[in-house]
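Note: the block below is query_1.txt and it holds compact mmCIF, C-alpha atoms and all ligand atoms.
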```
# COMPACT_ATOMS: atom_id res chain seq x y z
CA MET A 1 -12.87 0.65 21.22
CA ILE A 2 -9.20 1.23 22.06
CA SER A 3 -6.97 4.19 21.29
CA GLU A 4 -4.82 4.35 18.21
CA GLU A 5 -1.64 4.35 20.31
CA GLU A 6 -2.79 1.30 22.27
CA ALA A 7 -3.64 -0.54 19.06
CA ARG A 8 -0.27 0.20 17.56
CA ARG A 9 1.51 -0.85 20.73
CA LYS A 10 -0.39 -4.14 20.89
CA ILE A 11 0.29 -4.94 17.25
CA LEU A 12 3.99 -4.17 17.44
CA GLU A 13 4.30 -6.19 20.64
CA ALA A 14 2.84 -9.23 18.91
CA ILE A 15 5.00 -8.96 15.80
CA ARG A 16 8.52 -10.39 15.72
CA PRO A 17 11.13 -9.86 13.00
CA LEU A 18 11.44 -12.81 10.63
CA PRO A 19 14.73 -14.72 10.43
CA ALA A 20 17.43 -12.98 8.40
CA ARG A 21 18.70 -14.18 5.03
CA THR A 22 21.74 -13.38 2.91
CA VAL A 23 21.25 -12.00 -0.59
CA SER A 24 23.42 -10.52 -3.29
CA LEU A 25 23.65 -6.74 -3.34
CA SER A 26 21.48 -6.55 -6.44
CA ASP A 27 18.56 -8.02 -4.46
CA ALA A 28 18.92 -5.88 -1.35
CA LEU A 29 17.57 -2.48 -2.37
CA ASP A 30 15.01 -1.13 0.13
CA CYS A 31 15.51 -4.12 2.43
CA PHE A 32 16.77 -3.71 6.00
CA SER A 33 20.20 -4.71 7.21
CA ALA A 34 20.11 -7.64 9.64
CA GLN A 35 23.36 -6.57 11.29
CA ASP A 36 25.72 -3.70 11.92
CA VAL A 37 28.29 -3.61 9.12
CA LEU A 38 31.81 -2.28 9.70
CA ALA A 39 34.19 -0.97 7.04
CA GLN A 40 36.68 -3.65 6.13
CA LEU A 41 38.83 -1.22 4.13
CA PRO A 42 39.82 2.39 4.68
CA MET A 43 38.43 4.68 1.98
CA PRO A 44 40.21 5.61 -0.12
CA SER A 45 42.39 2.58 0.44
CA PHE A 46 45.54 4.34 -0.86
CA ASP A 47 46.63 7.97 -1.42
CA ASN A 48 45.53 8.97 -4.91
CA SER A 49 45.16 11.93 -7.20
CA ALA A 50 41.95 13.99 -7.24
CA MET A 51 42.79 15.52 -10.66
CA ASP A 52 44.43 14.97 -13.99
CA GLY A 53 47.78 16.76 -13.55
CA TYR A 54 51.28 16.23 -12.21
CA ALA A 55 52.43 14.67 -8.97
CA VAL A 56 55.13 16.80 -7.35
CA VAL A 57 57.05 17.60 -4.19
CA ALA A 58 55.21 20.72 -3.00
CA SER A 59 58.13 22.34 -1.13
CA ALA A 60 60.06 22.54 -4.41
CA CYS A 61 57.20 24.07 -6.42
CA ARG A 62 56.93 27.84 -6.80
CA THR A 63 55.41 29.82 -9.66
CA GLY A 64 57.74 29.83 -12.67
CA GLU A 65 59.63 26.69 -11.58
CA ARG A 66 60.50 24.14 -14.28
CA LEU A 67 60.07 20.43 -13.54
CA GLN A 68 61.27 17.37 -15.45
CA ILE A 69 58.56 14.78 -16.30
CA ILE A 70 60.00 11.43 -15.27
CA GLY A 71 57.07 9.11 -15.99
CA GLU A 72 53.34 8.54 -16.13
CA GLN A 73 50.93 7.01 -13.57
CA PRO A 74 47.44 6.29 -14.91
CA ALA A 75 44.59 5.04 -12.67
CA GLY A 76 45.19 1.34 -12.08
CA LEU A 77 48.30 -0.62 -11.30
CA ASP A 78 50.94 1.21 -9.28
CA GLN A 79 53.95 1.92 -11.55
CA HIS A 80 56.14 2.32 -8.42
CA LEU A 81 57.60 5.64 -9.54
CA ARG A 82 59.47 7.99 -7.20
CA VAL A 83 59.43 11.80 -7.46
CA SER A 84 62.18 14.10 -6.15
CA ASP A 85 62.60 17.90 -6.05
CA GLY A 86 62.56 19.34 -9.57
CA GLU A 87 60.64 16.34 -10.97
CA ALA A 88 57.00 15.59 -11.82
CA VAL A 89 55.00 12.47 -12.72
CA ARG A 90 52.13 12.82 -15.18
CA ILE A 91 49.14 11.55 -13.16
CA PHE A 92 45.40 11.01 -13.67
CA THR A 93 42.33 11.06 -11.42
CA GLY A 94 42.24 8.08 -9.07
CA ALA A 95 45.85 7.05 -9.81
CA PRO A 96 48.03 6.05 -6.84
CA MET A 97 50.44 8.79 -5.72
CA PRO A 98 54.08 8.07 -6.61
CA ALA A 99 56.51 7.77 -3.70
CA GLY A 100 57.95 11.13 -2.63
CA ALA A 101 55.07 13.19 -4.11
CA ASP A 102 52.85 15.08 -1.67
CA ALA A 103 50.71 17.20 -4.04
CA VAL A 104 49.17 17.25 -7.46
CA VAL A 105 49.24 20.33 -9.63
CA MET A 106 46.29 20.53 -12.02
CA GLN A 107 47.10 20.34 -15.71
CA GLU A 108 45.27 23.69 -16.10
CA ASP A 109 47.93 25.29 -13.83
CA ILE A 110 51.02 24.41 -15.86
CA ARG A 111 52.47 25.05 -19.28
CA ARG A 112 53.83 22.00 -21.00
CA ASP A 113 57.19 22.43 -22.71
CA GLY A 114 58.33 19.15 -24.28
CA ASN A 115 59.35 16.83 -21.47
CA GLU A 116 59.12 19.61 -18.92
CA ILE A 117 56.39 21.61 -17.26
CA VAL A 118 56.45 25.22 -16.08
CA LEU A 119 54.32 26.00 -13.03
CA ASN A 120 51.79 28.86 -13.21
CA VAL A 121 51.05 28.60 -9.47
CA ASP A 122 52.63 27.90 -6.10
CA VAL A 123 51.82 24.42 -4.80
CA ASP A 124 50.86 23.50 -1.23
CA ALA A 125 51.46 20.08 0.29
CA GLY A 126 48.33 17.90 0.15
CA GLU A 127 46.74 19.75 -2.75
CA PHE A 128 44.51 17.51 -4.90
CA VAL A 129 45.55 14.41 -3.02
CA ARG A 130 42.86 12.13 -1.62
CA ARG A 131 44.45 10.69 1.50
CA ARG A 132 44.03 7.04 2.45
CA GLY A 133 41.18 6.77 4.98
CA CYS A 134 40.05 10.40 4.68
CA ASP A 135 36.46 9.36 3.82
CA LEU A 136 36.20 6.33 6.03
CA SER A 137 38.43 4.42 8.48
CA GLU A 138 38.70 0.68 8.67
CA GLY A 139 36.32 -0.62 11.36
CA GLN A 140 34.01 2.38 11.18
CA LYS A 141 30.28 1.51 11.15
CA ILE A 142 28.87 1.92 7.66
CA LEU A 143 25.41 0.41 8.16
CA SER A 144 23.31 -0.19 11.27
CA GLU A 145 21.09 -3.15 11.96
CA GLY A 146 17.55 -2.25 10.90
CA GLU A 147 18.65 0.54 8.56
CA ARG A 148 17.11 0.69 5.09
CA ILE A 149 19.47 -0.18 2.27
CA ARG A 150 19.49 2.55 -0.36
CA ALA A 151 21.26 2.83 -3.69
CA ALA A 152 24.21 4.66 -2.13
CA THR A 153 24.38 2.07 0.67
CA LEU A 154 24.74 -0.63 -1.97
CA ALA A 155 27.47 1.34 -3.72
CA LEU A 156 29.33 1.77 -0.42
CA LEU A 157 29.05 -1.95 0.36
CA ALA A 158 30.37 -2.85 -3.11
CA SER A 159 33.27 -0.41 -2.70
CA GLN A 160 34.05 -2.27 0.53
CA ASP A 161 34.28 -5.63 -1.24
CA PHE A 162 30.93 -6.93 0.00
CA SER A 163 29.03 -8.88 -2.65
CA GLU A 164 26.29 -10.09 -0.28
CA ILE A 165 24.42 -8.66 2.66
CA ALA A 166 22.33 -10.15 5.48
CA ILE A 167 18.86 -8.62 5.44
CA GLY A 168 15.59 -9.13 7.27
CA GLY A 169 13.08 -11.77 6.20
CA GLU A 170 10.65 -11.57 3.33
CA VAL A 171 7.05 -10.99 4.39
CA ASP A 172 4.45 -12.97 2.43
CA VAL A 173 0.98 -11.50 2.37
CA SER A 174 -2.51 -12.57 1.34
CA ILE A 175 -5.21 -10.09 0.41
CA ILE A 176 -8.89 -10.99 0.52
CA SER A 177 -11.42 -8.36 -0.48
CA THR A 178 -15.01 -8.98 0.55
CA GLY A 179 -18.34 -7.60 -0.61
CA ASP A 180 -21.27 -8.83 -2.71
CA GLU A 181 -21.50 -5.43 -4.42
CA LEU A 182 -17.97 -5.58 -5.82
CA VAL A 183 -17.05 -6.38 -9.40
CA THR A 184 -13.57 -6.82 -10.85
CA PRO A 185 -12.57 -3.98 -13.20
CA GLY A 186 -12.89 -5.08 -16.81
CA THR A 187 -16.24 -6.78 -16.18
CA LYS A 188 -19.69 -5.38 -17.01
CA ILE A 189 -21.35 -3.77 -14.03
CA LYS A 190 -25.04 -3.75 -13.02
CA GLN A 191 -26.99 -1.05 -11.22
CA GLY A 192 -25.91 -0.94 -7.58
CA GLN A 193 -22.58 -2.67 -8.10
CA ILE A 194 -19.20 -0.95 -7.89
CA TYR A 195 -15.74 -1.83 -9.05
CA GLU A 196 -13.45 -3.47 -6.55
CA SER A 197 -10.46 -1.22 -5.85
CA ASN A 198 -9.10 -2.07 -2.40
CA SER A 199 -7.12 -5.10 -3.51
CA VAL A 200 -5.44 -2.90 -6.10
CA LEU A 201 -4.70 -0.29 -3.44
CA LEU A 202 -3.37 -2.80 -0.93
CA ASN A 203 -1.34 -4.72 -3.48
CA ALA A 204 0.38 -1.47 -4.49
CA MET A 205 0.98 -0.33 -0.92
CA LEU A 206 2.36 -3.74 0.02
CA LYS A 207 4.76 -3.72 -2.91
CA ARG A 208 5.78 -0.21 -1.97
CA CYS A 209 6.83 -1.30 1.50
CA GLY A 210 8.66 -4.37 0.26
CA ALA A 211 6.21 -7.15 1.13
CA ILE A 212 5.54 -10.03 -1.26
CA VAL A 213 1.91 -10.40 -2.25
CA LYS A 214 1.33 -14.13 -2.65
CA LEU A 215 -2.42 -14.28 -2.92
CA VAL A 216 -5.16 -11.87 -3.98
CA GLU A 217 -8.76 -13.08 -3.85
CA HIS A 218 -12.17 -11.59 -3.89
CA CYS A 219 -14.85 -13.21 -1.81
CA ARG A 220 -18.61 -12.78 -1.52
CA ASP A 221 -20.24 -11.96 1.81
CA GLU A 222 -20.92 -15.60 2.42
CA HIS A 223 -19.74 -17.57 5.43
CA LYS A 224 -18.51 -20.72 3.69
CA SER A 225 -16.65 -18.93 0.89
CA LEU A 226 -15.02 -16.64 3.43
CA ILE A 227 -13.78 -19.55 5.48
CA GLU A 228 -12.37 -21.29 2.42
CA ALA A 229 -10.62 -18.08 1.31
CA MET A 230 -9.25 -17.50 4.82
CA LYS A 231 -7.85 -21.03 4.99
CA ARG A 232 -5.84 -20.24 1.89
CA GLY A 233 -4.96 -16.76 3.16
CA ILE A 234 -3.57 -17.78 6.55
CA LYS A 235 -0.76 -19.77 4.95
CA ASN A 236 1.18 -16.55 4.57
CA HIS A 237 2.74 -14.42 7.31
CA ILE A 238 0.03 -11.80 7.00
CA LEU A 239 -3.58 -11.91 5.88
CA ILE A 240 -5.28 -8.64 5.04
CA ILE A 241 -9.04 -8.71 4.70
CA SER A 242 -10.80 -5.70 3.26
CA GLY A 243 -14.41 -4.99 4.19
CA GLY A 244 -16.87 -6.96 6.27
CA VAL A 245 -15.44 -5.94 9.65
CA SER A 246 -18.22 -3.54 10.69
CA VAL A 247 -21.33 -4.41 12.65
CA GLY A 248 -23.86 -5.03 9.84
CA GLU A 249 -25.48 -8.37 9.04
CA HIS A 250 -23.21 -8.67 6.02
CA ASP A 251 -20.06 -8.19 8.04
CA LEU A 252 -19.07 -11.79 8.47
CA VAL A 253 -15.31 -11.54 8.82
CA LYS A 254 -15.08 -11.77 12.61
CA ASP A 255 -17.14 -14.94 12.88
CA ALA A 256 -15.34 -16.57 9.99
CA LEU A 257 -12.00 -15.71 11.55
CA HIS A 258 -13.02 -17.36 14.80
CA GLU A 259 -13.94 -20.42 12.86
CA VAL A 260 -10.51 -20.73 11.24
CA GLY A 261 -8.94 -20.56 14.70
CA ALA A 262 -8.09 -16.88 14.89
CA GLN A 263 -7.71 -15.07 18.16
CA ILE A 264 -8.95 -11.50 17.80
CA ASP A 265 -6.81 -9.06 19.78
CA ILE A 266 -8.23 -5.77 18.56
CA TRP A 267 -11.57 -4.77 17.11
CA ARG A 268 -12.53 -1.12 16.68
CA VAL A 269 -9.95 1.59 17.14
CA ALA A 270 -10.46 5.30 17.82
CA ILE A 271 -9.23 6.53 14.47
CA LYS A 272 -10.99 8.47 11.72
CA PRO A 273 -11.30 7.13 9.15
CA GLY A 274 -10.89 3.47 10.06
CA LYS A 275 -12.83 2.69 13.24
CA PRO A 276 -13.87 -0.92 12.44
CA PHE A 277 -10.19 -1.99 12.13
CA LEU A 278 -9.45 -5.51 13.36
CA PHE A 279 -6.24 -7.26 14.34
CA GLY A 280 -5.79 -10.87 15.31
CA ARG A 281 -3.68 -13.89 14.69
CA VAL A 282 -4.02 -17.50 13.77
CA PRO A 283 -1.48 -19.28 15.98
CA SER A 284 0.79 -21.76 14.23
CA SER A 285 -0.59 -24.45 16.51
CA SER A 286 -4.13 -23.54 15.51
CA PRO A 287 -6.42 -26.57 15.40
CA SER A 288 -8.03 -25.17 12.26
CA PRO A 289 -7.93 -27.53 9.30
CA GLN A 290 -5.43 -26.59 6.61
CA SER A 291 -6.31 -27.91 3.21
CA SER A 292 -2.73 -28.44 2.08
CA PRO A 293 0.71 -28.29 3.69
CA PRO A 294 2.45 -24.93 3.39
CA GLY A 295 4.57 -24.73 0.27
CA ARG A 296 7.28 -22.25 -0.58
CA GLY A 297 6.33 -18.97 1.00
CA GLY A 298 3.97 -20.78 3.30
CA ARG A 299 4.07 -20.42 7.05
CA GLU A 300 7.37 -21.52 8.48
CA ALA A 301 7.82 -23.95 11.29
CA PRO A 302 8.15 -22.06 14.56
CA ASP A 303 11.77 -21.53 15.51
CA GLU A 304 12.83 -21.94 19.10
CA GLY A 305 11.86 -19.15 21.43
CA SER A 306 9.77 -17.33 18.87
CA ILE A 307 6.54 -19.20 18.36
CA LEU A 308 5.01 -16.01 17.01
CA ALA A 309 7.36 -16.04 14.00
CA ALA A 310 5.09 -18.65 12.46
CA ASP A 311 1.74 -17.17 13.41
CA CYS A 312 -0.35 -15.63 10.69
CA PHE A 313 -1.28 -12.08 11.63
CA VAL A 314 -4.65 -10.94 10.40
CA PHE A 315 -5.58 -7.35 9.67
CA GLY A 316 -9.20 -6.57 8.94
CA LEU A 317 -9.44 -3.20 7.24
CA PRO A 318 -12.69 -1.29 6.75
CA GLY A 319 -13.97 -1.48 3.18
CA ASN A 320 -14.15 2.24 2.56
CA PRO A 321 -11.05 2.95 0.49
CA VAL A 322 -9.73 5.87 2.52
CA SER A 323 -10.21 3.92 5.75
CA ALA A 324 -8.31 0.99 4.26
CA PHE A 325 -5.54 3.36 3.17
CA VAL A 326 -5.18 5.13 6.53
CA THR A 327 -5.34 1.98 8.66
CA PHE A 328 -2.85 0.24 6.36
CA LEU A 329 -0.36 3.07 6.88
CA GLN A 330 -0.90 3.45 10.63
CA PHE A 331 -1.09 -0.24 11.61
CA VAL A 332 -0.20 -2.69 8.85
CA GLN A 333 2.85 -1.01 7.37
CA PRO A 334 4.69 -0.63 10.71
CA ALA A 335 4.00 -4.31 11.43
CA ILE A 336 5.39 -5.37 8.05
CA LEU A 337 8.44 -3.17 8.45
CA LYS A 338 9.09 -4.66 11.88
CA MET A 339 8.82 -8.18 10.41
CA MET A 340 11.30 -7.14 7.72
CA GLY A 341 13.74 -6.07 10.41
CA ALA A 342 13.37 -2.29 10.11
CA THR A 343 14.18 -0.02 13.03
CA ASN A 344 12.25 3.04 11.90
CA LEU A 345 8.60 2.08 11.48
CA ASN A 346 7.17 5.56 11.04
CA LEU A 347 6.21 7.50 7.96
CA PRO A 348 8.58 10.39 7.31
CA GLN A 349 7.35 13.63 8.89
CA VAL A 350 7.84 17.23 7.82
CA PRO A 351 6.64 20.54 9.20
CA ALA A 352 4.39 22.65 6.97
CA LYS A 353 2.24 25.76 7.11
CA LEU A 354 -1.48 25.01 7.36
CA MET A 355 -3.48 26.95 4.76
CA VAL A 356 -6.95 26.58 6.38
CA ASP A 357 -8.53 26.47 9.85
CA LEU A 358 -9.08 22.92 11.09
CA ALA A 359 -10.75 21.65 14.23
CA ASN A 360 -11.57 18.18 15.48
CA ASP A 361 -14.64 18.19 17.72
CA GLY A 362 -15.20 14.46 17.21
CA ASP A 363 -14.16 11.62 19.51
CA ARG A 364 -11.40 10.15 17.33
CA PRO A 365 -8.14 11.59 15.95
CA HIS A 366 -8.78 12.58 12.35
CA TYR A 367 -6.34 11.96 9.52
CA VAL A 368 -6.90 14.79 7.06
CA ARG A 369 -5.74 14.18 3.50
CA GLY A 370 -4.17 16.96 1.56
CA LYS A 371 -1.49 18.38 -0.61
CA LEU A 372 1.88 19.62 0.56
CA GLU A 373 3.37 22.10 -1.88
CA ASP A 374 6.23 24.53 -1.22
CA GLY A 375 5.97 23.94 2.53
CA LYS A 376 2.22 24.66 2.58
CA PHE A 377 -0.51 22.12 3.37
CA THR A 378 -4.04 22.34 2.00
CA PRO A 379 -6.70 19.65 2.65
CA ILE A 380 -7.99 18.30 -0.60
CA GLY A 381 -11.31 16.84 -1.69
CA ARG A 382 -14.07 15.53 0.52
CA GLN A 383 -12.78 14.33 3.88
CA GLU A 384 -15.01 11.26 3.94
CA SER A 385 -13.93 7.68 4.03
CA HIS A 386 -15.29 6.77 0.59
CA ALA A 387 -13.75 9.78 -1.18
CA LEU A 388 -10.99 8.18 -3.20
CA PHE A 389 -10.48 11.09 -5.59
CA GLY A 390 -9.26 13.50 -2.91
CA LEU A 391 -6.97 10.81 -1.58
CA SER A 392 -5.52 10.24 -5.04
CA GLN A 393 -4.61 13.95 -5.19
CA SER A 394 -3.02 13.96 -1.71
CA ASN A 395 0.63 13.53 -0.82
CA ALA A 396 0.42 14.02 2.95
CA LEU A 397 -1.69 13.28 6.02
CA LEU A 398 -2.33 15.63 8.90
CA ARG A 399 -3.37 14.04 12.17
CA VAL A 400 -5.72 16.33 14.06
CA ALA A 401 -6.07 15.13 17.65
CA VAL A 402 -9.39 15.02 19.52
CA GLY A 403 -10.31 18.54 20.66
CA GLU A 404 -7.49 20.10 18.67
CA SER A 405 -8.14 23.38 16.92
CA LEU A 406 -5.62 24.58 14.37
CA GLU A 407 -5.59 28.02 12.84
CA MET A 408 -4.60 28.92 9.33
CA GLY A 409 -0.89 29.75 9.33
CA ALA A 410 -0.06 27.28 12.10
CA ILE A 411 2.99 25.08 11.61
CA VAL A 412 1.86 21.47 11.64
CA ASN A 413 3.64 18.14 11.34
CA LEU A 414 2.64 16.09 8.32
CA GLN A 415 3.10 12.44 7.48
CA LEU A 416 4.49 12.14 3.98
CA LEU A 417 2.88 9.67 1.60
CA ASP A 418 5.39 9.80 -1.26
P1 LIG B 501 -17.70 -2.63 4.41
O1 LIG B 501 -16.52 -2.30 5.26
O2 LIG B 501 -17.63 -3.98 3.84
O3 LIG B 501 -18.97 -2.35 5.16
O4 LIG B 501 -17.67 -1.61 3.20
C1 LIG B 501 -17.76 -0.22 3.40
C2 LIG B 501 -17.84 0.50 2.08
O5 LIG B 501 -16.66 0.29 1.35
C3 LIG B 501 -18.97 0.07 1.19
O6 LIG B 501 -19.47 1.21 0.53
C4 LIG B 501 -18.31 -0.85 0.20
O7 LIG B 501 -18.98 -0.91 -1.02
C5 LIG B 501 -16.96 -0.23 0.06
N1 LIG B 501 -15.97 -1.26 -0.25
C6 LIG B 501 -15.78 -2.37 0.45
N2 LIG B 501 -14.80 -3.12 -0.09
C7 LIG B 501 -14.38 -2.45 -1.17
C8 LIG B 501 -13.39 -2.70 -2.16
N3 LIG B 501 -12.66 -3.82 -2.11
N4 LIG B 501 -13.23 -1.82 -3.15
C9 LIG B 501 -13.98 -0.70 -3.18
N5 LIG B 501 -14.90 -0.39 -2.29
C10 LIG B 501 -15.12 -1.26 -1.28
MG MG B 502 -18.91 -5.19 2.80
```

Now that the file is in, can you turn its structure into structure tokens?
Amino acid sequence: MISEEEARRKILEAIRPLPARTVSLSDALDCFSAQDVLAQLPMPSFDNSAMDGYAVVASACRTGERLQIIGEQPAGLDQHLRVSDGEAVRIFTGAPMPAGADAVVMQEDIRRDGNEIVLNVDVDAGEFVRRRGCDLSEGQKILSEGERIRAATLALLASQDFSEIAIGGEVDVSIISTGDELVTPGTKIKQGQIYESNSVLLNAMLKRCGAIVKLVEHCRDEHKSLIEAMKRGIKNHILIISGGVSVGEHDLVKDALHEVGAQIDIWRVAIKPGKPFLFGRVPSSSPSPQSSPPGRGGREAPDEGSILAADCFVFGLPGNPVSAFVTFLQFVQPAILKMMGATNLNLPQVPAKLMVDLANDGDRPHYVRGKLEDGKFTPIGRQESHALFGLSQSNALLRVAVGESLEMGAIVNLQLLD
């Protein structure tokens, strides 16, 4: 059994980012930039009005002054007007400033009198003018390599005349759930059977982190069927197997993996829940028979210098739903994010006040599920690895280290789930 930190380190060492690709902005949300992006325009790109009002020469504008309206400048094409002392140009939000004008007086601050205005206020230079480059200078970094692309990032890129963006590769994933006792929801169940839920859980979590689920299969605890399912599963970048990784006679995953050519790098990690976790890989050069050549979304040919880019990484998650959930978040999600080119692989963390006493006298760090509300954290439901209800009510995880004893009222760091 290795430590959680060691497991994470080993996994992330093995994983390499996939080759980048260029997509249109509309396909880039929640992907990760494959390069630093610099502003190619200053923002705003010309001096313009922040208000509907009148463009004026500030030094000639005192309360009570009368100005002659000499023209109109709407947002859009520059009308190339020029303003002098004693004159004003009717102007609208976003319209380019006329030559000579250095301020805009709001329409609420004047009285209109035919083709003239009378000022109700003094005017200072620069008022209600958005200066060229005040938000952003040309050449300034607007996006870093590995940064997640959010809605506002996309808007900024569009405003900078980018229609496409280079992002990290798409991660294709297979899910195989195992277990003779499991029945697909929607089917009649017999005494002793339960409904299969991990593939639903994993499918949702994978979609959430931006991976593409290419294959979802359920497989009985039977050697031959497992091998056949695995042969299909290893055609994608990642194969996740749920269940069958413990030490019982019905836990056949490890042997089957060996048979399809997998090298197992990690088996059993000091984490609660989730101890039977497994990590391995099927090298691209694996001698294992492949029933058909990889199609679209199949494993890519290794590119020079990065043989691992074409390996299939295998994660064996314990079958208990909470164990599958926790090990997915701690080990699988960071690996997928790294493959997708992300820099930050961690769940977001926030401090919160603990509402109960908690101690860990076990030999593994314990991930306690609970609810964070108004800065307060309360564990919720049964803290056992099969207890899916409590998990479904939780929005945060608290990691309690081995030997750690936390008192009610302590400020703790939570991992956010939502
Ligand atoms: P295993 O890891 O295969 O020993 O399974 C541990 C526990 O998790 C058993 O109680 C299984 O019935 C349950 N389990 C395994 N796989 C699933 C699944 N896909 N959906 C729901 N429960 C599961
Ligand atoms: Mg099982």

**Message:** Report, in Å with one decimal, the straight-line distance from CA of Tyr367 (chain A) to CA of Leu398 (chain A).
**Reply:**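 Interatomic distance here is 5.5 Å.
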
Hey, which bits of region 154-250 of chain A sit within 8 Å of region 322-327 of chain A, and for each residue what's the closest pair of atoms and how far apart in Å (one decimal), counting all atoms listed in the file, rows by chain and increasing number, as JSON lines?
```
{"residue": "A:Asn198", "atom": "CA", "partner": "A:Ala324", "partner_atom": "CA", "distance": 7.4}
{"residue": "A:Leu201", "atom": "CA", "partner": "A:Phe325", "partner_atom": "CA", "distance": 7.6}
{"residue": "A:Leu202", "atom": "CA", "partner": "A:Phe325", "partner_atom": "CA", "distance": 7.7}
{"residue": "A:Ser242", "atom": "CA", "partner": "A:Ala324", "partner_atom": "CA", "distance": 7.2}
```

Please produce an output containing C-alpha atoms for each residue in the selection, written as a PDB file, keeping the file's coordinate frame.
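Here's the written file selection-v5.pdb:
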```pdb
ATOM      1  CA  ASN A 198      -9.100  -2.070  -2.400  1.00  0.00           C
ATOM      2  CA  LEU A 201      -4.700  -0.290  -3.440  1.00  0.00           C
ATOM      3  CA  LEU A 202      -3.370  -2.800  -0.930  1.00  0.00           C
ATOM      4  CA  SER A 242     -10.800  -5.700   3.260  1.00  0.00           C
TER       5      SER A 242
END
```

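CA of Phe315 (chain A) lies 13.6 Å from CA of Asp172 (chain A).
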
**Message:** Distance limit 10 Å, reference ligand MG 502 (chain B), atoms considered: all atoms listed in the file. Which residues make the cut? Give them as a PyMOL selection string.
**Reply:** chain A and resi 177-182+220-221+242-246+248-253+318-320

**Request:** Give me, please, the distance in Å between CA of Leu397 (chain A) and atom C3 of ligand LIG 501 (chain B), quoted to one decimal.
**Result:**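 Here the two named atoms are 22.3 Å from each other.
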
**Request:** Check the smallest atom-to-atom distance from each of A:Gly370, A:Pro19, A:Gly280, A:Gly192 to ligand LIG 501 (chain B) using only C-alpha atoms and all ligand atoms, then report the winner.
**Result:**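 Closest residue, counting only C-alpha atoms and all ligand atoms: A:Gly192.
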
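In this comparison, which uses only C-alpha atoms, the residue of A:Met205, A:Ala155, A:Leu347, A:Ile15 approaching Ala28 (chain A) most closely is A:Ala155.
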
**Of the listed residues A:Gly403, A:Pro348, A:Gly362, A:Gly274, that which approaches ligand LIG 501 (chain B) most closely, counting all atoms listed in the file** = A:Gly274

**Request:** Please provide the set of residues having any atom within 12 Å of Asp135 (chain A), restricted to all atoms listed in the file, with same-chain residues fewer than 6 positions apart removed, written as a list in words.
**Result:**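 Within the cut-off, the hits are Ala39, Leu41, Pro42, Met43, Pro44, Ser45, Phe46, Asp47, Ile142 and Leu156 of chain A.
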